[in-house]
file target_38.pdb (PDB, C-alpha atoms)
MODEL        1
ATOM      1  CA  MET T   1       1.745 -13.990 -23.616
ATOM      2  CA  GLN T   2       1.585 -10.351 -24.556
ATOM      3  CA  ILE T   3       0.765  -7.921 -21.811
ATOM      4  CA  ALA T   4       0.010  -4.316 -22.622
ATOM      5  CA  ALA T   5       2.689  -2.127 -21.142
ATOM      6  CA  THR T   6       1.525   0.368 -18.555
ATOM      7  CA  HIS T   7       4.924   1.851 -17.864
ATOM      8  CA  LYS T   8       6.422   4.939 -19.346
ATOM      9  CA  ALA T   9       9.885   4.637 -20.775
ATOM     10  CA  PRO T  10      12.580   5.611 -18.305
ATOM     11  CA  GLY T  11      13.285   9.327 -18.415
ATOM     12  CA  ALA T  12      15.863  11.635 -16.974
ATOM     13  CA  ARG T  13      13.690  13.118 -14.237
ATOM     14  CA  THR T  14      15.251  12.668 -10.847
ATOM     15  CA  GLU T  15      14.232  13.751  -7.399
ATOM     16  CA  GLN T  16      16.238  14.201  -4.236
ATOM     17  CA  ILE T  17      14.756  12.203  -1.395
ATOM     18  CA  ILE T  18      15.437  11.612   2.267
ATOM     19  CA  LEU T  19      15.181   8.068   3.549
ATOM     20  CA  PHE T  20      13.956   8.069   7.113
ATOM     21  CA  ARG T  21      12.993   5.490   9.675
ATOM     22  CA  CYS T  22       9.805   5.171  11.676
ATOM     23  CA  SER T  23       9.725   2.207  14.031
ATOM     24  CA  THR T  24      11.310  -0.605  11.997
ATOM     25  CA  GLN T  25      10.445   0.665   8.547
ATOM     26  CA  VAL T  26      12.105   2.933   6.050
ATOM     27  CA  PHE T  27      10.202   5.550   4.086
ATOM     28  CA  ALA T  28      11.205   8.217   1.605
ATOM     29  CA  ILE T  29      10.161  11.829   1.372
ATOM     30  CA  SER T  30      11.072  14.399  -1.224
ATOM     31  CA  SER T  31      13.735  16.650   0.227
ATOM     32  CA  ALA T  32      11.883  19.574  -1.369
ATOM     33  CA  SER T  33       8.996  18.849   1.003
ATOM     34  CA  VAL T  34      11.141  19.202   4.109
ATOM     35  CA  GLN T  35      11.768  22.724   5.264
ATOM     36  CA  GLU T  36      13.754  21.924   8.388
ATOM     37  CA  VAL T  37      15.072  18.943  10.249
ATOM     38  CA  ARG T  38      15.231  19.497  13.972
ATOM     39  CA  SER T  39      16.207  17.409  16.921
ATOM     40  CA  VAL T  40      13.388  16.829  19.371
ATOM     41  CA  ASP T  41      15.589  18.368  22.052
ATOM     42  CA  THR T  42      16.008  21.637  20.178
ATOM     43  CA  LEU T  43      12.283  22.284  20.411
ATOM     44  CA  ALA T  44      12.443  22.476  24.196
ATOM     45  CA  GLY T  45       9.886  24.819  25.624
ATOM     46  CA  SER T  46       7.921  25.458  22.470
ATOM     47  CA  PRO T  47       5.747  22.380  21.941
ATOM     48  CA  VAL T  48       2.435  22.243  23.729
ATOM     49  CA  GLU T  49       0.425  19.164  24.538
ATOM     50  CA  ILE T  50      -2.886  18.491  22.936
ATOM     51  CA  GLU T  51      -5.117  15.474  23.186
ATOM     52  CA  GLU T  52      -7.763  14.527  20.703
ATOM     53  CA  PRO T  53      -8.855  10.929  21.344
ATOM     54  CA  SER T  54      -9.758  10.360  17.707
ATOM     55  CA  LEU T  55      -6.265  11.428  16.618
ATOM     56  CA  PRO T  56      -3.740   9.620  18.800
ATOM     57  CA  LYS T  57      -0.998  10.322  16.274
ATOM     58  CA  VAL T  58      -1.041  14.009  17.253
ATOM     59  CA  ARG T  59      -0.009  14.721  20.808
ATOM     60  CA  HIS T  60       1.785  18.029  20.433
ATOM     61  CA  MET T  61       1.695  21.262  18.509
ATOM     62  CA  PHE T  62       3.664  24.441  18.373
ATOM     63  CA  HIS T  63       3.169  27.917  17.039
ATOM     64  CA  ARG T  64       5.120  29.204  14.108
ATOM     65  CA  GLY T  65       4.202  32.625  12.838
ATOM     66  CA  GLU T  66       0.438  32.803  12.642
ATOM     67  CA  GLN T  67       0.015  29.072  12.326
ATOM     68  CA  ASN T  68      -0.318  26.079  14.564
ATOM     69  CA  LEU T  69       1.930  23.257  13.465
ATOM     70  CA  TYR T  70       0.808  19.804  14.519
ATOM     71  CA  VAL T  71       3.331  17.121  15.351
ATOM     72  CA  VAL T  72       2.370  13.790  13.811
ATOM     73  CA  ASN T  73       4.036  10.707  15.196
ATOM     74  CA  GLY T  74       5.092   8.809  12.091
ATOM     75  CA  ALA T  75       4.991   5.380  13.720
ATOM     76  CA  VAL T  76       1.465   5.866  15.023
ATOM     77  CA  HIS T  77       0.324   7.352  11.721
ATOM     78  CA  PHE T  78       1.508   4.287   9.832
ATOM     79  CA  GLY T  79       0.181   1.854  12.420
ATOM     80  CA  LEU T  80       3.648   0.711  13.484
ATOM     81  CA  LEU T  81       4.940  -0.036  16.952
ATOM     82  CA  PRO T  82       5.756   3.243  18.724
ATOM     83  CA  SER T  83       9.448   3.822  19.167
ATOM     84  CA  PRO T  84      11.617   6.597  20.585
ATOM     85  CA  ALA T  85      11.628   9.430  18.085
ATOM     86  CA  SER T  86      14.593  11.727  17.835
ATOM     87  CA  LEU T  87      13.991  14.028  14.882
ATOM     88  CA  ILE T  88      11.260  16.247  13.550
ATOM     89  CA  PHE T  89      10.683  17.147   9.923
ATOM     90  CA  LEU T  90       9.031  20.515   9.525
ATOM     91  CA  LEU T  91       7.225  20.116   6.246
ATOM     92  CA  ARG T  92       7.152  22.850   3.659
ATOM     93  CA  ARG T  93       3.799  24.353   2.736
ATOM     94  CA  ALA T  94       2.084  22.201   5.339
ATOM     95  CA  ARG T  95       0.940  22.583   8.899
ATOM     96  CA  THR T  96       2.477  19.300   9.812
ATOM     97  CA  ALA T  97       5.653  18.359  11.587
ATOM     98  CA  LEU T  98       6.627  14.722  11.381
ATOM     99  CA  LEU T  99       8.168  12.898  14.296
ATOM    100  CA  ILE T 100      10.587  10.232  13.060
ATOM    101  CA  ASP T 101      13.158   7.904  14.549
ATOM    102  CA  GLY T 102      16.046   8.932  12.350
ATOM    103  CA  ILE T 103      17.407   9.646   8.919
ATOM    104  CA  GLU T 104      19.004   6.830   6.976
ATOM    105  CA  LYS T 105      20.463   8.837   4.116
ATOM    106  CA  MET T 106      19.770  11.282   1.338
ATOM    107  CA  THR T 107      19.686   9.923  -2.173
ATOM    108  CA  THR T 108      18.115  10.366  -5.585
ATOM    109  CA  MET T 109      15.229   8.495  -7.087
ATOM    110  CA  THR T 110      14.828   8.256 -10.810
ATOM    111  CA  ARG T 111      11.498   6.561 -10.960
ATOM    112  CA  LEU T 112       8.335   6.785  -8.906
ATOM    113  CA  GLN T 113       5.962   3.937  -9.561
ATOM    114  CA  ALA T 114       2.278   4.267  -8.879
ATOM    115  CA  LEU T 115       1.002   2.404  -5.863
ATOM    116  CA  PRO T 116      -0.671  -0.696  -7.332
ATOM    117  CA  ALA T 117      -4.435  -0.323  -7.348
ATOM    118  CA  ALA T 118      -4.772  -3.430  -5.186
ATOM    119  CA  PHE T 119      -3.726  -1.191  -2.305
ATOM    120  CA  CYS T 120      -7.008   0.536  -1.760
ATOM    121  CA  HIS T 121      -7.219   1.979   1.733
ATOM    122  CA  GLU T 122      -5.518   4.842   3.577
ATOM    123  CA  GLU T 123      -2.173   4.018   2.012
ATOM    124  CA  ARG T 124      -3.398   5.656  -1.192
ATOM    125  CA  VAL T 125      -3.463   8.922   0.744
ATOM    126  CA  TRP T 126      -0.244   8.216   2.632
ATOM    127  CA  TYR T 127       1.962   7.559  -0.376
ATOM    128  CA  ARG T 128       2.799   9.291  -3.623
ATOM    129  CA  GLY T 129       4.003   5.955  -4.909
ATOM    130  CA  LEU T 130       6.830   3.457  -4.561
ATOM    131  CA  THR T 131      10.424   3.647  -5.615
ATOM    132  CA  VAL T 132      13.051   0.959  -5.958
ATOM    133  CA  LEU T 133      16.438   1.633  -4.417
ATOM    134  CA  ASP T 134      19.186  -0.954  -4.174
ATOM    135  CA  GLN T 135      16.697  -3.698  -5.022
ATOM    136  CA  SER T 136      14.399  -2.643  -2.168
ATOM    137  CA  VAL T 137      10.944  -1.170  -2.483
ATOM    138  CA  ILE T 138      10.531   2.057  -0.535
ATOM    139  CA  PRO T 139       7.222   3.893  -0.123
ATOM    140  CA  VAL T 140       7.452   7.595  -0.915
ATOM    141  CA  VAL T 141       5.245   9.504   1.478
ATOM    142  CA  SER T 142       2.920  12.307   0.535
ATOM    143  CA  PRO T 143       3.448  15.344   2.787
ATOM    144  CA  GLU T 144      -0.256  16.136   2.513
ATOM    145  CA  GLY T 145      -1.176  12.647   3.655
ATOM    146  CA  PHE T 146      -0.351  13.028   7.322
ATOM    147  CA  LEU T 147      -3.298  15.208   8.249
ATOM    148  CA  THR T 148      -6.448  15.634   6.225
ATOM    149  CA  THR T 149      -8.303  18.930   5.994
ATOM    150  CA  ASP T 150     -10.930  17.525   8.349
ATOM    151  CA  GLU T 151      -8.277  16.504  10.870
ATOM    152  CA  LEU T 152      -6.662  19.946  10.725
ATOM    153  CA  PHE T 153     -10.073  21.521  11.250
ATOM    154  CA  LEU T 154     -10.662  19.263  14.253
ATOM    155  CA  LEU T 155      -7.287  20.125  15.760
ATOM    156  CA  ASP T 156      -7.727  23.846  15.157
ATOM    157  CA  ALA T 157     -11.114  23.688  16.857
ATOM    158  CA  LEU T 158      -9.597  21.835  19.800
ATOM    159  CA  VAL T 159      -6.829  24.376  20.190
ATOM    160  CA  SER T 160      -9.148  27.361  19.908
ATOM    161  CA  ARG T 161     -11.449  25.850  22.552
ATOM    162  CA  ARG T 162      -8.542  25.334  24.921
ATOM    163  CA  GLY T 163      -6.749  28.580  24.283
ATOM    164  CA  VAL T 164      -2.978  28.395  24.624
ATOM    165  CA  PRO T 165      -2.113  25.205  26.507
ATOM    166  CA  GLU T 166       0.936  24.538  28.624
ATOM    167  CA  SER T 167       4.265  23.682  27.118
ATOM    168  CA  ALA T 168       5.438  20.106  27.161
ATOM    169  CA  PRO T 169       8.975  18.922  27.728
ATOM    170  CA  ALA T 170      10.590  18.078  24.416
ATOM    171  CA  SER T 171      11.926  14.800  25.736
ATOM    172  CA  GLU T 172       8.376  13.776  26.466
ATOM    173  CA  MET T 173       7.349  14.629  22.958
ATOM    174  CA  GLY T 174       9.832  12.197  21.587
ATOM    175  CA  LEU T 175       9.516   9.387  24.033
ATOM    176  CA  VAL T 176       5.969   9.150  25.275
ATOM    177  CA  LEU T 177       3.907   8.659  22.165
TER     178      LEU T 177
ATOM    179  CA  MET Q   1     -12.223 -11.627 -15.456
ATOM    180  CA  SER Q   2     -15.812 -11.300 -16.536
ATOM    181  CA  LYS Q   3     -18.364 -13.961 -15.837
ATOM    182  CA  VAL Q   4     -18.661 -16.587 -18.534
ATOM    183  CA  GLU Q   5     -21.908 -16.166 -20.440
ATOM    184  CA  GLN Q   6     -22.167 -19.527 -22.168
ATOM    185  CA  PHE Q   7     -20.614 -22.938 -22.521
ATOM    186  CA  ASP Q   8     -17.264 -22.237 -24.008
ATOM    187  CA  ALA Q   9     -14.009 -24.085 -24.517
ATOM    188  CA  ARG Q  10     -11.287 -21.920 -23.091
ATOM    189  CA  SER Q  11      -7.713 -22.163 -22.037
ATOM    190  CA  CYS Q  12      -7.362 -22.097 -18.296
ATOM    191  CA  VAL Q  13      -4.541 -22.382 -15.840
ATOM    192  CA  LEU Q  14      -5.100 -24.762 -12.967
ATOM    193  CA  LEU Q  15      -3.552 -23.679  -9.705
ATOM    194  CA  ARG Q  16      -3.254 -25.423  -6.383
ATOM    195  CA  LEU Q  17      -4.009 -23.790  -3.059
ATOM    196  CA  GLY Q  18      -3.374 -26.351  -0.349
ATOM    197  CA  GLU Q  19      -5.612 -29.341  -0.933
ATOM    198  CA  ARG Q  20      -7.800 -27.683  -3.537
ATOM    199  CA  ARG Q  21      -7.403 -26.736  -7.150
ATOM    200  CA  PHE Q  22      -8.855 -23.682  -8.825
ATOM    201  CA  ALA Q  23      -8.633 -22.267 -12.322
ATOM    202  CA  LEU Q  24      -8.070 -18.897 -13.920
ATOM    203  CA  ALA Q  25      -8.676 -18.021 -17.558
ATOM    204  CA  ALA Q  26      -5.306 -18.213 -19.296
ATOM    205  CA  GLU Q  27      -5.695 -14.791 -20.884
ATOM    206  CA  HIS Q  28      -5.454 -13.289 -17.404
ATOM    207  CA  ILE Q  29      -2.129 -14.943 -16.592
ATOM    208  CA  ALA Q  30       1.110 -13.096 -17.251
ATOM    209  CA  GLU Q  31       3.621 -15.608 -15.963
ATOM    210  CA  LEU Q  32       4.538 -18.158 -13.350
ATOM    211  CA  VAL Q  33       7.549 -17.192 -11.267
ATOM    212  CA  ALA Q  34       9.590 -18.652  -8.461
ATOM    213  CA  PRO Q  35       9.037 -17.094  -5.034
ATOM    214  CA  SER Q  36      11.192 -14.065  -4.471
ATOM    215  CA  ARG Q  37      11.691 -11.595  -1.672
ATOM    216  CA  VAL Q  38       8.449 -10.019  -0.490
ATOM    217  CA  PHE Q  39       8.852  -6.358   0.431
ATOM    218  CA  ARG Q  40       6.522  -5.223   3.167
ATOM    219  CA  PHE Q  41       5.641  -1.671   4.115
ATOM    220  CA  ALA Q  42       2.940  -0.039   6.169
ATOM    221  CA  HIS Q  43      -0.523  -0.222   4.622
ATOM    222  CA  ARG Q  44      -4.104  -1.039   5.572
ATOM    223  CA  THR Q  45      -5.169  -3.414   2.826
ATOM    224  CA  THR Q  46      -5.127  -6.629   4.805
ATOM    225  CA  GLU Q  47      -5.567  -8.853   1.761
ATOM    226  CA  ILE Q  48      -2.202  -7.734   0.408
ATOM    227  CA  ASP Q  49       0.833  -9.390   1.903
ATOM    228  CA  GLY Q  50       3.453  -7.128   0.365
ATOM    229  CA  VAL Q  51       5.009  -6.639  -3.049
ATOM    230  CA  ILE Q  52       7.549  -8.408  -5.199
ATOM    231  CA  LEU Q  53       9.744  -6.921  -7.883
ATOM    232  CA  ARG Q  54       9.276  -8.397 -11.286
ATOM    233  CA  ARG Q  55      11.099  -6.937 -14.293
ATOM    234  CA  GLY Q  56      11.345  -3.605 -12.539
ATOM    235  CA  ARG Q  57       7.647  -3.553 -11.824
ATOM    236  CA  VAL Q  58       6.196  -3.605  -8.327
ATOM    237  CA  VAL Q  59       3.649  -6.416  -8.095
ATOM    238  CA  PRO Q  60       1.367  -6.796  -5.078
ATOM    239  CA  VAL Q  61       1.152 -10.249  -3.498
ATOM    240  CA  CYS Q  62      -2.353 -11.390  -2.647
ATOM    241  CA  ASP Q  63      -2.749 -14.744  -0.912
ATOM    242  CA  LEU Q  64      -6.166 -16.065  -1.903
ATOM    243  CA  ALA Q  65      -5.835 -19.329   0.006
ATOM    244  CA  GLU Q  66      -7.323 -18.185   3.296
ATOM    245  CA  ARG Q  67     -10.348 -16.722   1.581
ATOM    246  CA  LEU Q  68     -10.905 -19.685  -0.724
ATOM    247  CA  THR Q  69      -9.903 -22.600   1.482
ATOM    248  CA  GLY Q  70     -10.031 -21.200   4.993
ATOM    249  CA  LYS Q  71      -6.318 -21.813   5.532
ATOM    250  CA  LYS Q  72      -3.269 -19.731   4.777
ATOM    251  CA  LEU Q  73      -0.656 -21.332   2.610
ATOM    252  CA  THR Q  74       2.195 -22.727   4.640
ATOM    253  CA  TYR Q  75       4.310 -23.243   1.576
ATOM    254  CA  ARG Q  76       4.639 -21.097  -1.534
ATOM    255  CA  ARG Q  77       5.822 -23.024  -4.548
ATOM    256  CA  PHE Q  78       5.319 -20.315  -7.161
ATOM    257  CA  TYR Q  79       3.705 -16.973  -7.729
ATOM    258  CA  LEU Q  80       1.145 -17.006 -10.494
ATOM    259  CA  VAL Q  81       1.193 -13.473 -11.831
ATOM    260  CA  ALA Q  82      -2.257 -12.526 -13.056
ATOM    261  CA  THR Q  83      -3.484  -9.380 -14.729
ATOM    262  CA  GLN Q  84      -6.500  -7.386 -13.761
ATOM    263  CA  ARG Q  85      -7.920  -4.429 -15.616
ATOM    264  CA  ARG Q  86      -8.840  -1.504 -13.374
ATOM    265  CA  GLY Q  87     -10.152   1.349 -15.430
ATOM    266  CA  ALA Q  88      -7.520   2.292 -17.950
ATOM    267  CA  THR Q  89      -4.712   0.421 -16.251
ATOM    268  CA  LEU Q  90      -3.729  -3.201 -16.356
ATOM    269  CA  ASP Q  91      -2.549  -4.268 -12.927
ATOM    270  CA  TRP Q  92      -0.468  -7.269 -12.129
ATOM    271  CA  VAL Q  93      -1.045  -9.280  -8.991
ATOM    272  CA  ALA Q  94       1.043 -12.184  -7.708
ATOM    273  CA  LEU Q  95      -0.978 -15.107  -6.371
ATOM    274  CA  PRO Q  96       1.019 -17.545  -4.230
ATOM    275  CA  VAL Q  97       0.285 -21.163  -5.135
ATOM    276  CA  SER Q  98       1.376 -24.301  -3.365
ATOM    277  CA  GLY Q  99       1.880 -26.652  -6.300
ATOM    278  CA  GLU Q 100       2.443 -27.025  -9.995
ATOM    279  CA  CYS Q 101       0.212 -25.109 -12.376
ATOM    280  CA  GLU Q 102      -1.204 -26.661 -15.508
ATOM    281  CA  LEU Q 103      -2.485 -25.133 -18.723
ATOM    282  CA  ILE Q 104      -5.593 -26.929 -19.993
ATOM    283  CA  THR Q 105      -8.413 -26.357 -22.411
ATOM    284  CA  ALA Q 106     -11.814 -27.168 -20.997
ATOM    285  CA  ASP Q 107     -15.485 -26.504 -21.554
ATOM    286  CA  LEU Q 108     -16.698 -23.983 -19.026
ATOM    287  CA  THR Q 109     -20.095 -24.083 -17.419
ATOM    288  CA  PRO Q 110     -21.385 -20.643 -16.485
ATOM    289  CA  ALA Q 111     -21.727 -19.852 -12.808
ATOM    290  CA  GLY Q 112     -25.262 -19.942 -11.449
ATOM    291  CA  GLU Q 113     -27.111 -17.306  -9.481
ATOM    292  CA  SER Q 114     -26.468 -19.168  -6.281
ATOM    293  CA  ASP Q 115     -22.718 -19.383  -6.797
ATOM    294  CA  SER Q 116     -20.378 -17.098  -4.891
ATOM    295  CA  PRO Q 117     -19.285 -13.933  -6.684
ATOM    296  CA  HIS Q 118     -15.749 -15.249  -6.890
ATOM    297  CA  VAL Q 119     -16.901 -18.099  -9.152
ATOM    298  CA  ALA Q 120     -16.839 -17.055 -12.810
ATOM    299  CA  ALA Q 121     -17.557 -20.537 -14.131
ATOM    300  CA  TRP Q 122     -16.967 -24.211 -13.515
ATOM    301  CA  LEU Q 123     -14.906 -26.749 -15.368
ATOM    302  CA  SER Q 124     -14.445 -30.468 -15.104
ATOM    303  CA  HIS Q 125     -10.969 -31.941 -15.248
ATOM    304  CA  ASP Q 126      -9.633 -35.364 -14.243
ATOM    305  CA  GLY Q 127     -12.930 -36.167 -12.554
ATOM    306  CA  GLU Q 128     -12.770 -33.039 -10.448
ATOM    307  CA  VAL Q 129     -15.167 -30.097 -10.679
ATOM    308  CA  ILE Q 130     -13.132 -26.925 -10.368
ATOM    309  CA  GLU Q 131     -14.098 -23.308  -9.792
ATOM    310  CA  VAL Q 132     -12.881 -20.834 -12.401
ATOM    311  CA  LEU Q 133     -12.100 -17.747 -10.386
ATOM    312  CA  ASN Q 134     -13.450 -14.275 -10.956
ATOM    313  CA  LEU Q 135     -10.440 -12.268  -9.854
ATOM    314  CA  ASP Q 136     -12.411  -9.020  -9.684
ATOM    315  CA  ALA Q 137     -14.473 -10.459  -6.847
ATOM    316  CA  LEU Q 138     -11.386 -11.556  -4.929
ATOM    317  CA  MET Q 139      -9.286  -8.420  -5.103
ATOM    318  CA  PRO Q 140      -9.642  -5.757  -2.435
ATOM    319  CA  VAL Q 141     -11.805  -2.771  -3.260
ATOM    320  CA  PRO Q 142     -11.700   0.734  -1.779
ATOM    321  CA  THR Q 143     -13.953   1.219   1.208
ATOM    322  CA  THR Q 144     -12.863   4.496   2.768
ATOM    323  CA  PRO Q 145     -13.877   7.856   1.270
ATOM    324  CA  ALA Q 146     -10.261   8.950   1.183
ATOM    325  CA  ALA Q 147      -9.184   5.894  -0.744
ATOM    326  CA  LEU Q 148     -12.117   6.257  -3.126
ATOM    327  CA  ALA Q 149     -11.123   9.838  -3.756
ATOM    328  CA  GLN Q 150      -7.598   8.659  -4.523
ATOM    329  CA  GLY Q 151      -8.826   5.802  -6.689
ATOM    330  CA  GLU Q 152      -6.784   6.844  -9.648
ATOM    331  CA  SER Q 153      -3.132   6.151  -9.423
ATOM    332  CA  PRO Q 154      -1.170   8.605  -7.291
ATOM    333  CA  GLU Q 155       1.410  10.601  -9.148
ATOM    334  CA  ALA Q 156       4.158   8.578 -10.693
ATOM    335  CA  HIS Q 157       6.959   9.354 -13.016
ATOM    336  CA  ALA Q 158       9.441   7.429 -15.013
TER     337      ALA Q 158
ENDMDL
END

call {"tool": "encode", "arguments": {"input": "target_38.pdb", "output": "structure tokens"}}
result
Amino acid sequence: MQIAATHKAPGARTEQIILFRCSTQVFAISSASVQEVRSVDTLAGSPVEIEEPSLPKVRHMFHRGEQNLYVVNGAVHFGLLPSPASLIFLLRRARTALLIDGIEKMTTMTRLQALPAAFCHEERVWYRGLTVLDQSVIPVVSPEGFLTTDELFLLDALVSRRGVPESAPASEMGLVL
Amino acid sequence: MSKVEQFDARSCVLLRLGERRFALAAEHIAELVAPSRVFRFAHRTTEIDGVILRRGRVVPVCDLAERLTGKKLTYRRFYLVATQRRGATLDWVALPVSGECELITADLTPAGESDSPHVAAWLSHDGEVIEVLNLDALMPVPTTPAALAQGESPEAHA
């Protein structure tokens, strides 16, 4: 049976990615999207607590330059069981910091496959696509998918209403989410 | 699969889901494959179980049994890989089945107004009246504004 091909022929385009763990699952992110990787402990004193009931994935923020950066708990964002987070990705050109459990490794992907259209809910915003590494399928996250414009607006409004809140212990940021 | 407009002899693949048999038009079947590892990752489309890798392609696994028979399959004998056109793309979807599949040619009776949307037509085979499935009505569809906005395939590169 002949099936029309929907794939492009393999090309030479490669992309450096970081494989990271949230809860029990492994995700990939383009290393170009990550500006800094910090330990939760090294942010001691700077994060401040915020609480927006409609956004349980964001419990902390910190100031960087003129901007508020919001810390998104990766496990909560993806609907996974919360687990002790140890690292934070500060994302480039985004107002999001991502709380993760750990880094698995850095590697290269040669092919990013589109998320099949049968996946038709929030995951279409979460992921740029899927890649296959060592015969495993790994979702490649979209840095813009962690907080929508509306969510950022909501958080900014919350912060401006509250003024500058109190700092939170960094250990709490990683463990109580 | 579009609804059948008239009586028509067509090739169909019979598939078994638990105690019941259903049919799909043969032109929408890519292949029948042995069960392989299902890769699962975080998502919100509850109808999709995970994905399998088939010839380098990522194929979503959609178990239709619960929706069609009220019971999940306890045993997966094969995956029937079907195709579904969505806009300009031809998607593959792996349907777990619990028994042998059979290619037949049968006269199809168009579905009536009172039939469920998932019924494209009916056929009679071995004294059994069998639903010919309308896959479009069984596959998940976007419901959230964000997903609708991202309806086209996210970026992908070879």

call {"tool": "interface_residues", "arguments": {"input": "target_38.pdb", "of": "chain T", "to": "chain Q", "cutoff": "6 Å", "atoms": "all atoms listed in the file", "output": "PDB file with C-alpha atoms, in the frame of the given file"}}
result
ATOM      1  CA  LYS T   8       6.422   4.939 -19.346  1.00  0.00           C
ATOM      2  CA  PRO T  10      12.580   5.611 -18.305  1.00  0.00           C
ATOM      3  CA  GLY T  11      13.285   9.327 -18.415  1.00  0.00           C
ATOM      4  CA  PHE T  78       1.508   4.287   9.832  1.00  0.00           C
ATOM      5  CA  ARG T 111      11.498   6.561 -10.960  1.00  0.00           C
ATOM      6  CA  LEU T 112       8.335   6.785  -8.906  1.00  0.00           C
ATOM      7  CA  GLN T 113       5.962   3.937  -9.561  1.00  0.00           C
ATOM      8  CA  ALA T 114       2.278   4.267  -8.879  1.00  0.00           C
ATOM      9  CA  PHE T 119      -3.726  -1.191  -2.305  1.00  0.00           C
ATOM     10  CA  CYS T 120      -7.008   0.536  -1.760  1.00  0.00           C
ATOM     11  CA  HIS T 121      -7.219   1.979   1.733  1.00  0.00           C
ATOM     12  CA  GLU T 122      -5.518   4.842   3.577  1.00  0.00           C
ATOM     13  CA  GLU T 123      -2.173   4.018   2.012  1.00  0.00           C
ATOM     14  CA  ARG T 124      -3.398   5.656  -1.192  1.00  0.00           C
ATOM     15  CA  ARG T 128       2.799   9.291  -3.623  1.00  0.00           C
TER      16      ARG T 128
END

call {"tool": "residues_around", "arguments": {"input": "target_38.pdb", "residues": "Val58 of chain T", "least_positions_apart": "4", "cutoff": "7 Å", "atoms": "all atoms listed in the file", "output": "list of chain:residue names"}}
result
T:Tyr70, T:Val71, T:Val72, T:Asn73

call {"tool": "resolve_selection", "arguments": {"input": "target_38.pdb", "expression": "the PyMOL selection byres ((chain Q and resi 95) around 6)", "output": "tab-separated table (two decimals) with C-alpha atoms, in the coordinates of the input"}}
result
chain	number	residue	atom	x	y	z
Q	62	CYS	CA	-2.35	-11.39	-2.65
Q	63	ASP	CA	-2.75	-14.74	-0.91
Q	79	TYR	CA	3.70	-16.97	-7.73
Q	80	LEU	CA	1.14	-17.01	-10.49
Q	94	ALA	CA	1.04	-12.18	-7.71
Q	96	PRO	CA	1.02	-17.55	-4.23

call {"tool": "resolve_selection", "arguments": {"input": "target_38.pdb", "expression": "the PyMOL selection byres ((chain T and resi 36-38) around 7)", "output": "list in words"}}
result
Val34, Gln35, Ser39, Val40, Thr42, Leu87, Ile88, Phe89 and Leu90 of chain T

call {"tool": "residues_near_point", "arguments": {"input": "target_38.pdb", "point": "(5.6, -20.2, -9.1)", "cutoff": "7 Å", "atoms": "all atoms listed in the file", "output": "PDB file with C-alpha atoms, in the coordinates of the input"}}
result
ATOM      1  CA  LEU Q  32       4.538 -18.158 -13.350  1.00  0.00           C
ATOM      2  CA  VAL Q  33       7.549 -17.192 -11.267  1.00  0.00           C
ATOM      3  CA  ALA Q  34       9.590 -18.652  -8.461  1.00  0.00           C
ATOM      4  CA  PRO Q  35       9.037 -17.094  -5.034  1.00  0.00           C
ATOM      5  CA  ARG Q  77       5.822 -23.024  -4.548  1.00  0.00           C
ATOM      6  CA  PHE Q  78       5.319 -20.315  -7.161  1.00  0.00           C
ATOM      7  CA  TYR Q  79       3.705 -16.973  -7.729  1.00  0.00           C
ATOM      8  CA  LEU Q  80       1.145 -17.006 -10.494  1.00  0.00           C
ATOM      9  CA  VAL Q  97       0.285 -21.163  -5.135  1.00  0.00           C
TER      10      VAL Q  97
END

call {"tool": "atom_distance", "arguments": {"input": "target_38.pdb", "atom1": "atom CA of Leu133 of chain T", "atom2": "atom CA of Lys105 of chain T"}}
result
11.9 Å

call {"tool": "closest_residue", "arguments": {"input": "target_38.pdb", "among": "T:Gly79, T:Pro139, T:Gly102, T:Gly74", "to": "Leu115 of chain T", "atoms": "all atoms listed in the file"}}
result
T:Pro139

call {"tool": "atom_distance", "arguments": {"input": "target_38.pdb", "atom1": "atom CA of Val132 of chain T", "atom2": "atom CA of Met109 of chain T"}}
result
7.9 Å

call {"tool": "closest_residue", "arguments": {"input": "target_38.pdb", "among": "Q:Leu68, Q:Ile104, Q:Ala82, Q:Leu73", "to": "Ala9 of chain Q", "atoms": "only C-alpha atoms"}}
result
Q:Ile104

call {"tool": "axis_aligned_box", "arguments": {"input": "target_38.pdb", "around": "segment 54-66 of chain Q", "padding_each_side": "3 Å", "output": "AutoDock Vina command-line options"}}
result
--center_x 2.0 --center_y -11.4 --center_z -5.5 --size_x 24.7 --size_y 21.8 --size_z 23.6

call {"tool": "resolve_selection", "arguments": {"input": "target_38.pdb", "expression": "the PyMOL selection byres ((chain Q and resi 138) around 9)", "output": "list in words"}}
result
Leu64, Arg67, Pro117, His118, Leu133, Asn134, Leu135, Asp136, Ala137, Met139, Pro140 and Val141 of chain Q

call {"tool": "closest_residue", "arguments": {"input": "target_38.pdb", "among": "Q:Leu103, Q:Leu108, Q:Ala23, Q:Ala65", "to": "Arg10 of chain Q", "atoms": "all atoms listed in the file"}}
result
Q:Leu108

call {"tool": "atom_distance", "arguments": {"input": "target_38.pdb", "atom1": "atom CA of Val132 of chain Q", "atom2": "atom CA of Arg16 of chain Q"}}
result
12.2 Å

call {"tool": "closest_residue", "arguments": {"input": "target_38.pdb", "among": "T:Ala75, T:Leu69, T:Leu19, T:Ala28", "to": "Arg93 of chain T", "atoms": "all atoms listed in the file"}}
result
T:Leu69

call {"tool": "closest_residue", "arguments": {"input": "target_38.pdb", "among": "T:Lys57, T:Arg64, T:Arg162, T:Arg92", "to": "Leu147 of chain T", "atoms": "only C-alpha atoms"}}
result
T:Lys57

call {"tool": "closest_residue", "arguments": {"input": "target_38.pdb", "among": "Q:Leu17, Q:Ala120, Q:Cys101, Q:Val129", "to": "Glu66 of chain Q", "atoms": "only C-alpha atoms"}}
result
Q:Leu17
